[in-house]
Amino acid sequence: EKRVTIVCTIHQPARIIFEMFDNLVMLRKGGVCVYNGPIGVHSSALLQYIERSVKKKSNGDNNLETEENPAEYAMAVLCAEHDEKDATAVDWASVHMESDDRRVVLAAFHEEVAKASRSAGRGEEQHEQKIGFLRQVVLSACRQTKAAWRQPQYTRSSIAWSVIAAAVISTVFLQLGNTVADAEDRIGAVFFMVSAVQVQMTTMIVIMMHQRAVMYRETMSGTYSK
């Protein structure tokens, strides 16, 4: 309903949980795909696929019991070891490769990929045309202001440190003369000023580490023009 794709691995799921999924990719030992398609309401699509394939292979021994879990039934049938010497055995990997269900899934997949590529191209063109450099600067400044507002403790400490450093430096420069001692005081004040800036920059490292992930994500999505 919210158009969010969820991909997860499930092992021996209960019937209720199994039927909550829309699509299924089933792999047998060795990572061989034996089914890739919809599950259906009450596992109808999966069971119909097995039934159709069994009838084509003239092997009607596999039947789903009323109380049996469709997931366990599908694993027992599709993931069974294939015996090449047994003429009646079904190679479900080959059946899946030749099935119409696989062709439908591949066609839908390629269609979605093409649609996403076209949308990404249009989005990139619109981005390059509508968002200029000055607009990016304004948006970044607004976001940084909001980020500072949401971290009052860091903001208050930065303001307090700036006020204290400014007061100390201004006091050192107050009523300085032209003697050798006054010149040394000026050098010390300049050194303290540079050190105060370095301390302030050091406290920003922790904040920037959290914001770096946001910057990488926005850069990769094309938020900023090149």
# chains A, B, ... in the order shown; residues from 1 in each chain; ligands from 1
call {"tool": "select_by_dssp", "arguments": {"residues": "region 11-226 of chain A", "states": "alpha helix (DSSP H)", "output": "MDAnalysis selection string"}}
result
chainID A and resid 15:18 44:56 70:78 92:98 100:130 133:149 152:173 180:220
call {"tool": "residues_around", "arguments": {"residues": "region 150-167 of chain A", "least_positions_apart": "3", "cutoff": "9 Å", "atoms": "only C-alpha atoms", "output": "PyMOL selection string"}}
result
chain A and resi 145-147+170-172+192-193+196-197+200+203
call {"tool": "atom_distance", "arguments": {"atom1": "CA of Val105 (chain A)", "atom2": "CA of Ala93 (chain A)"}}
result
15.5 Å
call {"tool": "residues_around", "arguments": {"residues": "region 67-79 of chain A", "least_positions_apart": "6", "cutoff": "12 Å", "atoms": "only C-alpha atoms", "output": "number ranges by chain"}}
result
A: 10-21, 24-36, 39-51, 53-54, 59-61, 89-96
call {"tool": "select_by_dssp", "arguments": {"residues": "region 31-203 of chain A", "states": "strand (DSSP E)", "output": "list in words"}}
result
Val32, Cys33, Val34, Tyr35, Asn36, Gly37 and Pro38 of chain A
call {"tool": "write_last_selection", "arguments": {"atoms": "N, CA and C atoms", "output": "mmCIF file, in the first residue's frame"}}
result
data_model
loop_
_atom_site.group_PDB
_atom_site.id
_atom_site.type_symbol
_atom_site.label_atom_id
_atom_site.label_comp_id
_atom_site.auth_asym_id
_atom_site.auth_seq_id
_atom_site.Cartn_x
_atom_site.Cartn_y
_atom_site.Cartn_z
ATOM 1 N N VAL A 32 20.703 -22.782 -7.090
ATOM 2 C CA VAL A 32 19.988 -22.894 -8.363
ATOM 3 C C VAL A 32 18.549 -22.451 -8.166
ATOM 4 N N CYS A 33 18.090 -21.549 -9.018
ATOM 5 C CA CYS A 33 16.726 -21.029 -8.907
ATOM 6 C C CYS A 33 15.738 -22.039 -9.482
ATOM 7 N N VAL A 34 14.747 -22.414 -8.680
ATOM 8 C CA VAL A 34 13.717 -23.351 -9.134
ATOM 9 C C VAL A 34 12.352 -22.677 -9.242
ATOM 10 N N TYR A 35 12.225 -21.460 -8.714
ATOM 11 C CA TYR A 35 10.962 -20.722 -8.866
ATOM 12 C C TYR A 35 11.233 -19.248 -8.617
ATOM 13 N N ASN A 36 10.656 -18.417 -9.455
ATOM 14 C CA ASN A 36 10.738 -16.964 -9.300
ATOM 15 C C ASN A 36 9.452 -16.378 -9.853
ATOM 16 N N GLY A 37 8.556 -16.023 -8.953
ATOM 17 C CA GLY A 37 7.272 -15.508 -9.400
ATOM 18 C C GLY A 37 6.361 -15.190 -8.230
ATOM 19 N N PRO A 38 5.110 -14.890 -8.512
ATOM 20 C CA PRO A 38 4.161 -14.535 -7.449
ATOM 21 C C PRO A 38 3.746 -15.747 -6.622
#
call {"tool": "atom_distance", "arguments": {"atom1": "CA of Glu81 (chain A)", "atom2": "CA of Asn23 (chain A)"}}
result
23.6 Å
call {"tool": "residues_around", "arguments": {"residues": "region 182-188 of chain A", "least_positions_apart": "5", "cutoff": "10 Å", "atoms": "only C-alpha atoms", "output": "mmCIF file with all heavy atoms, in the first residue's frame"}}
result
data_model
loop_
_atom_site.group_PDB
_atom_site.id
_atom_site.type_symbol
_atom_site.label_atom_id
_atom_site.label_comp_id
_atom_site.auth_asym_id
_atom_site.auth_seq_id
_atom_site.Cartn_x
_atom_site.Cartn_y
_atom_site.Cartn_z
ATOM 1 N N ILE A 169 41.087 37.691 24.169
ATOM 2 C CA ILE A 169 41.945 38.312 23.156
ATOM 3 C C ILE A 169 41.842 39.826 23.208
ATOM 4 O O ILE A 169 42.850 40.552 23.124
ATOM 5 C CB ILE A 169 41.568 37.784 21.766
ATOM 6 C CG1 ILE A 169 41.875 36.276 21.669
ATOM 7 C CG2 ILE A 169 42.329 38.532 20.677
ATOM 8 C CD1 ILE A 169 41.400 35.632 20.394
ATOM 9 N N VAL A 172 43.825 41.180 26.083
ATOM 10 C CA VAL A 172 45.269 41.194 25.841
ATOM 11 C C VAL A 172 45.672 42.398 24.996
ATOM 12 O O VAL A 172 46.716 43.043 25.230
ATOM 13 C CB VAL A 172 45.703 39.878 25.169
ATOM 14 C CG1 VAL A 172 47.172 39.939 24.758
ATOM 15 C CG2 VAL A 172 45.466 38.709 26.105
ATOM 16 N N PHE A 173 44.845 42.751 24.023
ATOM 17 C CA PHE A 173 45.154 43.871 23.144
ATOM 18 C C PHE A 173 44.816 45.225 23.777
ATOM 19 O O PHE A 173 45.142 46.270 23.205
ATOM 20 C CB PHE A 173 44.380 43.731 21.822
ATOM 21 C CG PHE A 173 45.054 42.819 20.834
ATOM 22 C CD1 PHE A 173 44.641 41.507 20.696
ATOM 23 C CD2 PHE A 173 46.092 43.267 20.052
ATOM 24 C CE1 PHE A 173 45.250 40.666 19.783
ATOM 25 C CE2 PHE A 173 46.716 42.440 19.136
ATOM 26 C CZ PHE A 173 46.289 41.132 19.004
ATOM 27 N N GLN A 175 45.004 48.543 25.555
ATOM 28 C CA GLN A 175 46.019 49.517 25.989
ATOM 29 C C GLN A 175 47.441 48.991 25.826
ATOM 30 O O GLN A 175 48.290 49.140 26.704
ATOM 31 C CB GLN A 175 45.778 49.919 27.448
ATOM 32 C CG GLN A 175 44.462 50.659 27.666
ATOM 33 C CD GLN A 175 44.240 51.071 29.107
ATOM 34 O OE1 GLN A 175 44.988 50.668 30.013
ATOM 35 N NE2 GLN A 175 43.214 51.887 29.333
ATOM 36 N N LEU A 176 47.704 48.337 24.694
ATOM 37 C CA LEU A 176 49.059 47.896 24.405
ATOM 38 C C LEU A 176 49.885 49.065 23.873
ATOM 39 O O LEU A 176 49.393 49.879 23.084
ATOM 40 C CB LEU A 176 49.053 46.763 23.386
ATOM 41 C CG LEU A 176 48.657 45.369 23.890
ATOM 42 C CD1 LEU A 176 48.653 44.377 22.744
ATOM 43 C CD2 LEU A 176 49.608 44.902 24.981
ATOM 44 N N GLY A 177 51.135 49.097 24.299
ATOM 45 C CA GLY A 177 52.026 50.141 23.819
ATOM 46 C C GLY A 177 52.903 49.641 22.698
ATOM 47 O O GLY A 177 52.544 48.697 21.970
ATOM 48 N N MET A 193 44.593 33.267 19.544
ATOM 49 C CA MET A 193 43.461 33.376 18.628
ATOM 50 C C MET A 193 43.432 32.202 17.644
ATOM 51 O O MET A 193 42.383 31.607 17.397
ATOM 52 C CB MET A 193 43.544 34.702 17.863
ATOM 53 C CG MET A 193 42.403 34.940 16.892
ATOM 54 S SD MET A 193 42.482 36.589 16.168
ATOM 55 C CE MET A 193 44.070 36.506 15.328
ATOM 56 N N VAL A 194 44.611 31.844 17.120
ATOM 57 C CA VAL A 194 44.684 30.709 16.210
ATOM 58 C C VAL A 194 44.321 29.414 16.937
ATOM 59 O O VAL A 194 43.598 28.558 16.415
ATOM 60 C CB VAL A 194 46.084 30.609 15.582
ATOM 61 C CG1 VAL A 194 46.209 29.342 14.745
ATOM 62 C CG2 VAL A 194 46.362 31.838 14.726
#
